[in-house]
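Trainee: Sending over start_23.cif (mmCIF, C-alpha atoms).
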```cif
data_protein
loop_
_atom_site.label_atom_id
_atom_site.label_comp_id
_atom_site.auth_asym_id
_atom_site.auth_seq_id
_atom_site.Cartn_x
_atom_site.Cartn_y
_atom_site.Cartn_z
CA MET A 11 -66.18 61.46 123.10
CA ILE A 12 -64.80 63.99 120.58
CA ARG A 13 -66.40 67.42 120.89
CA VAL A 14 -66.90 69.29 117.61
CA VAL A 15 -67.65 72.90 116.72
CA LEU A 16 -69.32 73.46 113.35
CA ILE A 17 -68.43 76.77 111.68
CA GLY A 18 -70.88 77.77 108.96
CA VAL A 19 -73.63 75.65 110.48
CA THR A 20 -76.42 77.43 108.60
CA GLY A 21 -75.12 76.55 105.13
CA ARG A 22 -75.77 73.48 103.00
CA MET A 23 -72.78 71.61 104.36
CA GLY A 24 -73.27 72.82 107.92
CA ARG A 25 -76.79 71.41 108.01
CA ALA A 26 -75.64 68.19 106.33
CA LEU A 27 -72.99 67.77 109.05
CA VAL A 28 -75.64 68.11 111.76
CA ARG A 29 -77.86 65.54 110.06
CA SER A 30 -74.99 63.06 109.68
CA ALA A 31 -73.54 63.50 113.17
CA GLY A 32 -76.00 60.98 114.65
CA ASP A 33 -74.19 58.22 112.75
CA PHE A 34 -71.01 58.91 114.75
CA PRO A 35 -71.52 57.82 118.38
CA ALA A 36 -67.98 58.88 119.33
CA LEU A 37 -68.71 62.48 118.32
CA ARG A 38 -70.78 65.22 119.91
CA ILE A 39 -71.56 68.65 118.48
CA THR A 40 -70.91 71.18 121.23
CA GLY A 41 -70.79 74.39 119.21
CA ALA A 42 -72.60 75.80 116.19
CA VAL A 43 -71.26 79.05 114.71
CA ALA A 44 -72.68 81.38 112.07
CA SER A 45 -71.94 84.94 110.96
CA PRO A 46 -72.97 87.82 113.25
CA ALA A 47 -75.57 88.84 110.66
CA SER A 48 -77.23 85.41 110.47
CA ALA A 49 -80.97 85.26 111.09
CA ALA A 50 -80.45 81.84 112.69
CA LEU A 51 -78.59 83.14 115.76
CA GLY A 52 -80.14 81.70 118.90
CA ARG A 53 -81.88 78.83 117.15
CA ASP A 54 -81.20 75.19 118.01
CA ALA A 55 -78.71 73.76 115.50
CA GLY A 56 -80.54 70.44 115.29
CA GLU A 57 -83.92 71.98 114.62
CA LEU A 58 -82.32 74.29 112.03
CA ALA A 59 -81.03 71.21 110.17
CA GLY A 60 -84.38 69.42 110.38
CA THR A 61 -83.38 66.89 113.04
CA ALA A 62 -84.04 66.46 116.73
CA ALA A 63 -82.99 69.31 119.00
CA LEU A 64 -79.31 69.24 120.00
CA GLU A 65 -79.57 71.76 122.84
CA VAL A 66 -76.83 73.68 121.01
CA ARG A 67 -77.72 77.23 120.05
CA VAL A 68 -76.31 78.92 116.95
CA SER A 69 -73.84 81.60 118.01
CA ALA A 70 -71.44 84.07 116.41
CA ASP A 71 -68.89 83.65 119.22
CA LEU A 72 -66.31 81.19 117.87
CA PRO A 73 -63.68 81.65 120.63
CA ARG A 74 -66.27 80.82 123.29
CA ALA A 75 -67.51 77.77 121.36
CA LEU A 76 -63.94 76.48 120.99
CA GLY A 77 -63.49 76.52 124.74
CA GLY A 78 -65.56 73.36 125.05
CA ALA A 79 -64.35 71.56 121.92
CA ASP A 80 -61.60 69.29 120.63
CA VAL A 81 -61.83 70.07 116.92
CA ALA A 82 -63.59 72.53 114.61
CA ILE A 83 -64.97 71.97 111.12
CA ASP A 84 -65.18 75.06 108.92
CA PHE A 85 -67.58 75.13 105.97
CA SER A 86 -68.28 78.85 106.05
CA VAL A 87 -67.04 81.37 103.47
CA PRO A 88 -63.52 82.21 102.21
CA ALA A 89 -63.66 85.72 103.66
CA ALA A 90 -63.99 84.29 107.19
CA ALA A 91 -61.21 81.70 106.85
CA ALA A 92 -58.38 83.83 108.25
CA ALA A 93 -60.32 84.84 111.37
CA ASN A 94 -61.52 81.28 111.96
CA LEU A 95 -57.98 79.97 111.57
CA ALA A 96 -56.64 82.55 114.01
CA ALA A 97 -59.29 81.69 116.60
CA CYS A 98 -58.54 77.97 116.40
CA ARG A 99 -54.82 78.61 116.62
CA ALA A 100 -55.25 80.84 119.67
CA ALA A 101 -57.41 78.19 121.34
CA ARG A 102 -55.03 75.37 120.29
CA ARG A 103 -57.89 73.43 118.70
CA ALA A 104 -57.54 71.16 115.65
CA LEU A 105 -59.22 72.53 112.53
CA LEU A 106 -60.58 70.99 109.37
CA ILE A 107 -61.22 73.54 106.61
CA GLY A 108 -63.63 72.36 103.94
CA THR A 109 -64.35 75.85 102.61
CA THR A 110 -63.17 76.19 99.02
CA GLY A 111 -62.06 79.28 97.12
CA LEU A 112 -59.52 80.27 99.79
CA ALA A 113 -57.33 83.23 98.90
CA PRO A 114 -53.80 82.20 97.78
CA GLY A 115 -52.44 84.74 100.24
CA LEU A 116 -53.72 82.63 103.13
CA ALA A 117 -51.06 79.97 102.56
CA PRO A 118 -48.43 81.49 104.92
CA GLU A 119 -51.02 81.74 107.69
CA LEU A 120 -52.01 78.11 107.18
CA ASP A 121 -48.39 77.00 107.40
CA ALA A 122 -47.82 79.08 110.52
CA ALA A 123 -50.96 77.75 112.24
CA ALA A 124 -49.93 74.17 111.49
CA ARG A 125 -46.94 74.64 113.77
CA ASP A 126 -49.37 74.94 116.68
CA ILE A 127 -52.43 72.89 115.73
CA ALA A 128 -53.43 69.90 113.63
CA LEU A 129 -54.75 71.42 110.40
CA LEU A 130 -56.46 69.64 107.53
CA VAL A 131 -57.44 71.63 104.45
CA ALA A 132 -59.61 69.59 102.09
CA PRO A 133 -61.07 70.85 98.81
CA ASN A 134 -63.31 67.78 99.00
CA THR A 135 -64.02 65.62 102.07
CA SER A 136 -65.32 62.58 100.19
CA LEU A 137 -63.08 59.61 100.92
CA ALA A 138 -63.67 58.32 97.38
CA VAL A 139 -62.52 61.65 95.90
CA ALA A 140 -59.29 61.38 97.91
CA LEU A 141 -58.74 58.04 96.22
CA LEU A 142 -59.61 59.56 92.82
CA ILE A 143 -56.85 62.14 93.28
CA GLU A 144 -54.36 59.37 93.98
CA LEU A 145 -55.48 57.43 90.91
CA VAL A 146 -54.96 60.56 88.82
CA ARG A 147 -51.41 60.84 90.19
CA ILE A 148 -50.71 57.25 89.18
CA ALA A 149 -52.18 57.63 85.69
CA ALA A 150 -50.41 60.91 84.98
CA ALA A 151 -47.07 59.46 86.01
CA ALA A 152 -47.53 56.24 84.06
CA LEU A 153 -49.06 57.32 80.75
CA PRO A 154 -46.88 58.63 77.88
CA ALA A 155 -46.40 62.37 77.63
CA GLU A 156 -48.46 62.63 74.43
CA PHE A 157 -51.66 61.94 76.42
CA ASP A 158 -53.65 65.15 76.92
CA VAL A 159 -55.17 65.65 80.38
CA ASP A 160 -58.51 67.41 80.92
CA VAL A 161 -60.55 67.90 84.08
CA PHE A 162 -64.32 68.41 83.99
CA GLU A 163 -66.50 69.35 86.96
CA ALA A 164 -70.18 70.20 87.50
CA HIS A 165 -71.94 71.61 90.58
CA HIS A 166 -75.18 73.30 91.58
CA ARG A 167 -75.85 76.75 90.22
CA THR A 168 -75.23 78.56 93.53
CA LYS A 169 -71.70 77.25 94.14
CA ARG A 170 -69.49 80.33 94.45
CA ASP A 171 -66.13 79.15 93.11
CA ALA A 172 -65.53 77.89 89.58
CA PRO A 173 -63.59 75.80 88.89
CA SER A 174 -64.04 73.93 92.13
CA GLY A 175 -61.24 73.31 94.60
CA THR A 176 -61.50 69.61 93.79
CA ALA A 177 -61.01 70.24 90.07
CA LEU A 178 -57.94 72.34 90.82
CA ALA A 179 -56.60 69.61 93.13
CA LEU A 180 -57.07 67.00 90.40
CA ALA A 181 -55.25 69.18 87.88
CA ALA A 182 -52.47 69.88 90.38
CA ALA A 183 -52.06 66.16 91.09
CA ALA A 184 -51.70 65.37 87.39
CA ARG A 185 -49.30 68.26 86.84
CA ALA A 186 -47.10 67.33 89.81
CA ALA A 187 -46.96 63.69 88.72
CA ARG A 188 -45.84 64.68 85.22
CA GLU A 189 -43.25 67.10 86.52
CA GLY A 190 -41.96 64.49 88.93
CA ARG A 191 -41.52 62.06 86.09
CA GLY A 192 -39.31 64.62 84.38
CA ALA A 193 -40.56 63.77 80.90
CA PRO A 194 -41.49 66.85 78.84
CA ALA A 195 -44.94 66.67 77.30
CA GLU A 196 -45.16 66.86 73.54
CA ALA A 197 -47.14 69.75 72.12
CA GLY A 198 -50.20 68.80 70.11
CA ALA A 199 -52.08 70.86 67.56
CA GLY A 200 -53.90 73.76 69.19
CA ARG A 201 -52.58 73.23 72.73
CA ARG A 202 -49.35 73.08 74.68
CA GLY A 203 -48.21 69.62 75.60
CA ASP A 204 -48.10 70.50 79.31
CA GLU A 205 -51.49 72.22 79.34
CA ILE A 206 -54.18 70.65 81.55
CA GLY A 207 -57.66 71.77 80.62
CA VAL A 208 -60.16 72.52 83.41
CA LEU A 209 -63.83 72.94 82.50
CA ALA A 210 -66.57 73.97 84.97
CA LEU A 211 -70.37 73.80 84.75
CA ARG A 212 -72.87 75.37 87.17
CA ALA A 213 -76.42 74.17 86.69
CA GLY A 214 -79.50 73.12 88.63
CA ASP A 215 -78.97 71.32 91.92
CA LEU A 216 -76.08 69.05 90.94
CA VAL A 217 -74.28 67.86 94.07
CA GLY A 218 -70.91 67.33 92.42
CA GLU A 219 -69.33 65.54 89.47
CA HIS A 220 -65.63 65.31 88.60
CA ALA A 221 -63.97 63.52 85.70
CA VAL A 222 -60.41 63.41 84.42
CA ARG A 223 -59.73 62.35 80.84
CA PHE A 224 -56.39 61.11 79.57
CA SER A 225 -56.68 61.27 75.78
CA GLY A 226 -54.00 59.60 73.69
CA PRO A 227 -53.59 58.32 70.14
CA GLY A 228 -56.47 55.91 69.56
CA GLU A 229 -57.50 55.54 73.21
CA GLU A 230 -58.82 57.39 76.24
CA LEU A 231 -58.79 56.72 79.97
CA ARG A 232 -61.53 58.28 82.14
CA LEU A 233 -61.47 58.50 85.93
CA GLU A 234 -64.73 59.79 87.42
CA HIS A 235 -66.56 60.45 90.66
CA ARG A 236 -70.18 61.45 91.01
CA ALA A 237 -71.84 62.48 94.27
CA THR A 238 -75.61 62.14 94.45
CA ASP A 239 -76.01 63.06 98.12
CA ARG A 240 -74.25 65.86 100.02
CA ALA A 241 -74.12 63.50 103.00
CA VAL A 242 -71.02 61.81 101.54
CA PHE A 243 -69.06 65.01 102.14
CA ALA A 244 -70.49 65.36 105.63
CA ARG A 245 -69.62 61.78 106.57
CA GLY A 246 -66.12 62.20 105.19
CA ALA A 247 -65.61 65.46 107.10
CA LEU A 248 -66.82 63.95 110.37
CA THR A 249 -64.62 60.88 109.88
CA ALA A 250 -61.63 63.14 109.20
CA ALA A 251 -62.41 65.35 112.21
CA LEU A 252 -62.48 62.35 114.55
CA TRP A 253 -59.08 61.31 113.20
CA LEU A 254 -57.64 64.85 113.25
CA ALA A 255 -58.57 65.51 116.87
CA SER A 256 -55.82 63.14 118.08
CA ARG A 257 -53.10 64.24 115.64
CA PRO A 258 -50.08 66.34 116.66
CA PRO A 259 -49.65 69.81 115.10
CA GLY A 260 -49.01 69.72 111.35
CA ARG A 261 -50.56 69.94 107.88
CA TYR A 262 -52.71 67.00 106.85
CA GLY A 263 -54.93 65.90 103.99
CA VAL A 264 -57.64 63.30 103.58
CA ARG A 265 -54.99 61.10 101.91
CA ASP A 266 -53.19 60.95 105.29
CA LEU A 267 -56.36 59.63 106.90
CA LEU A 268 -56.51 56.90 104.26
CA ALA A 269 -52.73 56.26 104.54
CA LEU A 270 -52.29 56.60 100.78
CA LYS A 271 -48.65 56.33 99.77
CA THR A 272 -48.36 57.48 96.16
CA ALA A 273 -45.84 60.14 95.19
CA THR A 274 -46.53 63.78 95.97
#
```
What does the file become when written as structure tokens?
Mentor:
Amino acid sequence: MIRVVLIGVTGRMGRALVRSAGDFPALRITGAVASPASAALGRDAGELAGTAALEVRVSADLPRALGGADVAIDFSVPAAAAANLAACRAARRALLIGTTGLAPGLAPELDAAARDIALLVAPNTSLAVALLIELVRIAAAALPAEFDVDVFEAHHRTKRDAPSGTALALAAAARAAREGRGAPAEAGAGRRGDEIGVLALRAGDLVGEHAVRFSGPGEELRLEHRATDRAVFARGALTAALWLASRPPGRYGVRDLLALKTAT
């Protein structure tokens, strides 16, 4: 039985994780953490998510919750990421960070923590999105340099970061594949040849849509993923957490879980 602490349990993803946890018999939620100012402190995490009671009360004490856990899943807020990382490192507990919009300055702390714990940072925990990123790598490396690359993403109106972490990961995958190929892109009218466009939309209650277009002379390739239920991210995160709990210290991604072997 893998014991899991949920950080950010009161948010959309935190509640989705609680609702999906029943589909994972090898996993048990033993800790539910929210901010010290949360109105949900003291409530049962299961009842908060609209499921049966878990007998796990929402707390603001992450170090204490980690004492009875194997792995933590963080879907809180970027401002709390450094403190959550430090607490998991001090407790020597594996950590999956699904929070997006992390500050670039956190990178050295992530690398340092990975020397002591298994750490997986995922801009998107959908297993299908992990495959989409790999397909983008393949297409960007294979298509001629005159193909323009554009990333489009759409999310619900309350999502804080724009563009999304997934959109940035897709653009980074395409850029790295082109640079690795070593072929300079040819500049087209109105844009640099190496420019990758990233467009973001925030509207309604969209769960998440991502598309990458490779536009060339007379043809276009589109690679797309559309989520219609937030549960896909919860199931992916729980699957990854079960896998991560038994890994040695190091930096991991969802692609490692899927054993994808395309170039970096």
Trainee: State, in Å with one decimal place, the distance from atom CA of A:Ala244 to atom CA of A:Asp33.
Mentor: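 About the pair atom CA of A:Ala244 and atom CA of A:Asp33: they are 10.7 Å apart.
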Trainee: Figure out the distance between atom CA of A:Ala91 and atom CA of A:Leu116, please, to one decimal in Å.
Mentor: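 Separating atom CA of A:Leu116 from atom CA of A:Ala91 is a distance of 8.4 Å.
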Trainee: Pull the closest atom pair for each residue of stretch 24-131 of chain A that gets at most 9 Å from stretch 253-261 of chain A, along with the distance in Å to one decimal, counting all atoms listed in the file, ordering rows by chain and then ascending residue number, as JSON lines.
Mentor:
```
{"residue": "A:Asp80", "atom": "CA", "partner": "A:Ala255", "partner_atom": "CA", "distance": 6.1}
{"residue": "A:Val81", "atom": "CA", "partner": "A:Ala255", "partner_atom": "CA", "distance": 5.6}
{"residue": "A:Ala82", "atom": "CA", "partner": "A:Ala255", "partner_atom": "CA", "distance": 8.9}
{"residue": "A:Arg103", "atom": "CA", "partner": "A:Ala255", "partner_atom": "CA", "distance": 8.2}
{"residue": "A:Ala104", "atom": "CA", "partner": "A:Ala255", "partner_atom": "CA", "distance": 5.9}
{"residue": "A:Leu105", "atom": "CA", "partner": "A:Leu254", "partner_atom": "CA", "distance": 7.9}
{"residue": "A:Leu106", "atom": "CA", "partner": "A:Leu254", "partner_atom": "CA", "distance": 7.8}
{"residue": "A:Leu120", "atom": "CA", "partner": "A:Arg261", "partner_atom": "CA", "distance": 8.3}
{"residue": "A:Asp121", "atom": "CA", "partner": "A:Arg261", "partner_atom": "CA", "distance": 7.4}
{"residue": "A:Ala123", "atom": "CA", "partner": "A:Gly260", "partner_atom": "CA", "distance": 8.3}
{"residue": "A:Ala124", "atom": "CA", "partner": "A:Gly260", "partner_atom": "CA", "distance": 4.5}
{"residue": "A:Arg125", "atom": "CA", "partner": "A:Pro259", "partner_atom": "CA", "distance": 5.7}
{"residue": "A:Asp126", "atom": "CA", "partner": "A:Pro259", "partner_atom": "CA", "distance": 5.4}
{"residue": "A:Ile127", "atom": "CA", "partner": "A:Pro259", "partner_atom": "CA", "distance": 4.2}
{"residue": "A:Ala128", "atom": "CA", "partner": "A:Pro259", "partner_atom": "CA", "distance": 4.1}
{"residue": "A:Leu129", "atom": "CA", "partner": "A:Arg261", "partner_atom": "CA", "distance": 5.1}
{"residue": "A:Leu130", "atom": "CA", "partner": "A:Arg261", "partner_atom": "CA", "distance": 5.9}
{"residue": "A:Val131", "atom": "CA", "partner": "A:Arg261", "partner_atom": "CA", "distance": 7.9}
```
Trainee: Go through A:Ala149, A:Ala237, A:Ala92, A:Ile206 and flag the residue nearest A:Ala164, using all atoms listed in the file for the distances.
Mentor: A:Ala237
Trainee: Looking at A:Phe34, A:Val139, A:Ile17, A:Leu153, which one is nearest to A:Leu95, with distances taken over all atoms listed in the file?
Mentor: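 Of A:Phe34, A:Val139, A:Ile17, A:Leu153, the one nearest A:Leu95, counting all atoms listed in the file, is A:Ile17.
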Trainee: Within 8 Å of (-63.3, 67.7, 80.0) (coordinates as in the file), grab all the protein and nucleic acid residues, counting only C-alpha atoms, and write them out as a PyMOL selection string.
Mentor: chain A and resi 160-163+207-209+221-223
Trainee: Just want the 6 Å neighbourhood of A:Arg67, counted on only C-alpha atoms, with same-chain residues fewer than 4 positions away dropped. Output as a PDB file with C-alpha atoms, keeping the file's coordinate frame.
Mentor:
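Below is the file selection-v7.pdb, written as the result:
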```pdb
ATOM      1  CA  GLY A  52     -80.140  81.700 118.900  1.00  0.00           C
ATOM      2  CA  ARG A  53     -81.880  78.830 117.150  1.00  0.00           C
ATOM      3  CA  ASP A  54     -81.200  75.190 118.010  1.00  0.00           C
ATOM      4  CA  ALA A  55     -78.710  73.760 115.500  1.00  0.00           C
TER       5      ALA A  55
END
```
Trainee: Between A:Leu142, A:Ala172, A:Leu137, A:Val68, which one has atoms that come closest to A:Asp266, using all atoms listed in the file?
Mentor: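 Nearest to A:Asp266: A:Leu137.
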Trainee: Dump as a ChimeraX atom specification all residues having an atom at most 10 Å from (-62.9, 73.1, 91.6), computed in the file's coordinates with only C-alpha atoms.
Mentor: /A:110-111,133-134,161-165,171-181,208-210,218,220
Trainee: Carefully work through the PyMOL selection byres ((chain A and resi 42) around 6) for this structure and note down the residues it includes, as an MDAnalysis selection string.
Mentor: chainID A and resid 15:16 19 41 43 68
Trainee: So that each row is one residue of stretch 141-252 of chain A with an atom at most 7 Å from stretch 23-32 of chain A, can you give its shortest atom pair and the distance in Å to one decimal, using only C-alpha atoms, rows by chain and rising number, as CSV?
Mentor:
```
residue,atom,partner,partner_atom,distance
A:Arg240,CA,A:Ala26,CA,6.9
A:Ala241,CA,A:Ala26,CA,5.9
A:Ala244,CA,A:Leu27,CA,4.9
A:Arg245,CA,A:Ser30,CA,6.3
```
Trainee: Give me, please, the distance in Å between atom CA of A:Arg13 and atom CA of A:Ala100, quoted to one decimal.
Mentor: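 Interatomic distance, atom CA of A:Arg13 to atom CA of A:Ala100: 17.5 Å.
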